[in-house]
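Novice: Can you keep this structure in mind? I'll have questions shortly.
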Amino acid sequence: MGGPALASIASFLGAVTVLLTAAPAAAHTALESSSPADGSRVKTAPTQITLDFTEPVRPGVIRVDVRGPGGGGFGTAQARATGDKVIQPLRPLTAAGMYLIEFRVVALDGDPLTGTLEFTLDAPAGTETEAPQPGAAPPTPVIRATPTFGAAANRKDDGVPAWGIGLGVLAAGVIVTGATLIGRQVTRDLD
């Protein structure tokens with residue numbers, strides 16, 4: 001076998017290596033845990049909500065809304081990000097009942113992440129629960145859903161990014177070209 005055949009084989013093996021080792025970039029920032037934990041019952045009112053993500057989020061684009069019995073908002077200041085944690089300070093929670101947390105953050109890669117959590121504050125022993133204010137709307141019912149990740153929620157394909165498809169087409173072209181060159185060389189060698 002001559003130089004062109006070896007070059008073709010090397011190209012073919014390189015393309016196969018690229019195809020076998022290329023992995024789609026599907027990792028997204030996700031909510032890892034929260035305090036209070038989603039669905040938990042707590043006896044002591046928290047003074048803040050802590051959301052712990054798998055990766056850091058952009059500090060300037062955070063929204064955390066906390067509503068409870070009577071429908072009022074309980075956040076005292078803008079939520080802040082510290083690395084992969086988001087902290088929302090709360091005003092005192094005095095009413096027992098369900099509290100709903102809605103959040104929206106933006107990952108460092110630009111993908112927004114939204115979600116809802118809930119926790120229930122139990123009335124401490126020997127205390128009465130505070131009744132909702134007259135005319136106040138009850139908290140919105142929680143509809144459980146998987147958090148939505150920006151453009152990924154609107155994709156109509158199988159989730160492979162456009163650059164991944166382009167890389168696959170390029171690799172397929174290299175493989176076909178390499179196989180054609182190898183086939184021609186083998187035919188020449190047999191003649």
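In the structure tokens, chains take the letters A, B, ... in the order shown, each chain's residues start at 1, and ligands count up from 1 in the order shown.
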For region 34-49 of chain A, find every residue with an atom within 8 Å (counting only C-alpha atoms), except residues of its own chain fewer than 3 positions away, and show them as a list in words.
Specialist: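 With the cut-off at 8 Å, the set is Leu31, Asp52, Ile87, Gln88, Pro89, Leu90, Arg91, Pro92, Leu93, Thr94, Leu117, Glu118, Phe119, Thr120, Leu121, Asp122, Ala123 and Pro124 of chain A.
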Novice: Put those residues in a file: C-alpha atoms, as a tab-separated table (two decimals), in the first residue's frame.
Specialist:
```tsv
chain	number	residue	atom	x	y	z
A	31	LEU	CA	-32.04	22.85	40.69
A	52	ASP	CA	-28.95	25.24	45.31
A	87	ILE	CA	-30.79	33.27	48.52
A	88	GLN	CA	-34.10	35.10	48.93
A	89	PRO	CA	-34.52	36.85	52.33
A	90	LEU	CA	-38.07	36.68	53.75
A	91	ARG	CA	-40.18	38.87	55.95
A	92	PRO	CA	-41.60	36.99	58.97
A	93	LEU	CA	-43.96	34.16	58.04
A	94	THR	CA	-46.70	34.26	60.66
A	117	LEU	CA	-41.58	24.60	44.84
A	118	GLU	CA	-43.79	24.47	47.89
A	119	PHE	CA	-43.49	23.92	51.60
A	120	THR	CA	-46.01	23.93	54.44
A	121	LEU	CA	-45.52	25.87	57.66
A	122	ASP	CA	-47.18	24.02	60.53
A	123	ALA	CA	-48.62	26.03	63.38
A	124	PRO	CA	-46.45	25.74	66.48
```
Novice: Tell me, as a tab-separated table (two decimals) with C-alpha atoms, in the first residue's frame, which residues lie within 8 Å of Asp65 (chain A), counting only C-alpha atoms; anything in the same chain fewer than 6 positions away does not count.
Specialist:
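To be explicit, this is the file written out as around-v4.tsv:
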```
chain	number	residue	atom	x	y	z
A	73	GLY	CA	-45.55	38.29	48.73
A	74	PHE	CA	-42.97	37.51	51.40
A	75	GLY	CA	-39.66	38.50	49.81
A	100	LEU	CA	-45.37	28.66	47.03
A	101	ILE	CA	-41.94	29.56	45.66
A	102	GLU	CA	-41.63	30.47	41.98
A	103	PHE	CA	-38.15	31.10	40.58
```
Novice: To one decimal place, how far is CA of Arg58 (chain A) from CA of Gly71 (chain A) in Å?
Specialist: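 Separation of CA of Arg58 (chain A) and CA of Gly71 (chain A): 28.4 Å.
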Novice: Identify which of the residues A:Thr50, A:Pro112, A:Met98, A:Arg67 lies closest to Thr29 (chain A), counting only C-alpha atoms when measuring atom-to-atom distances.
Specialist: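 Of A:Thr50, A:Pro112, A:Met98, A:Arg67, the one nearest Thr29 (chain A) is A:Pro112, counting only C-alpha atoms.
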Novice: Restricting the calculation to only C-alpha atoms: of A:Leu190, A:Leu181, A:Val57, A:Leu113, which residue gets closest to Asp84 (chain A)?
Specialist: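 Result for the nearest residue to Asp84 (chain A): A:Val57.
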Novice: How many Å separate CA of Pro56 (chain A) from CA of Gly83 (chain A)?
Specialist: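 Going from CA of Pro56 (chain A) over to CA of Gly83 (chain A), I get 4.8 Å.
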Novice: Would you mind reading off the distance between CA of Glu55 (chain A) and CA of Gln78 (chain A), one decimal, in Å?
Specialist: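 Atom-to-atom, CA of Glu55 (chain A) and CA of Gln78 (chain A) are spaced 20.2 Å apart.
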Novice: With only C-alpha atoms as the basis for distance, which of A:Ala95, A:Ala77, A:Ser33, A:Leu108 is at the shortest distance from Val61 (chain A)?
Specialist: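 Of A:Ala95, A:Ala77, A:Ser33, A:Leu108, the one nearest Val61 (chain A), counting only C-alpha atoms, is A:Leu108.
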Novice: Tell me which of A:Ala30, A:Ile62, A:Val86, A:Ala81 sits closest to Val106 (chain A), counting only C-alpha atoms.
Specialist: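 Checking each of A:Ala30, A:Ile62, A:Val86, A:Ala81 against Val106 (chain A), counting only C-alpha atoms, the winner is A:Ile62.
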Novice: Between A:Thr187, A:Tyr99, A:Ala107, A:Glu32, single out the one closest to Gly60 (chain A), counting only C-alpha atoms.
Specialist: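 Closest to Gly60 (chain A) of all the choices is A:Ala107.
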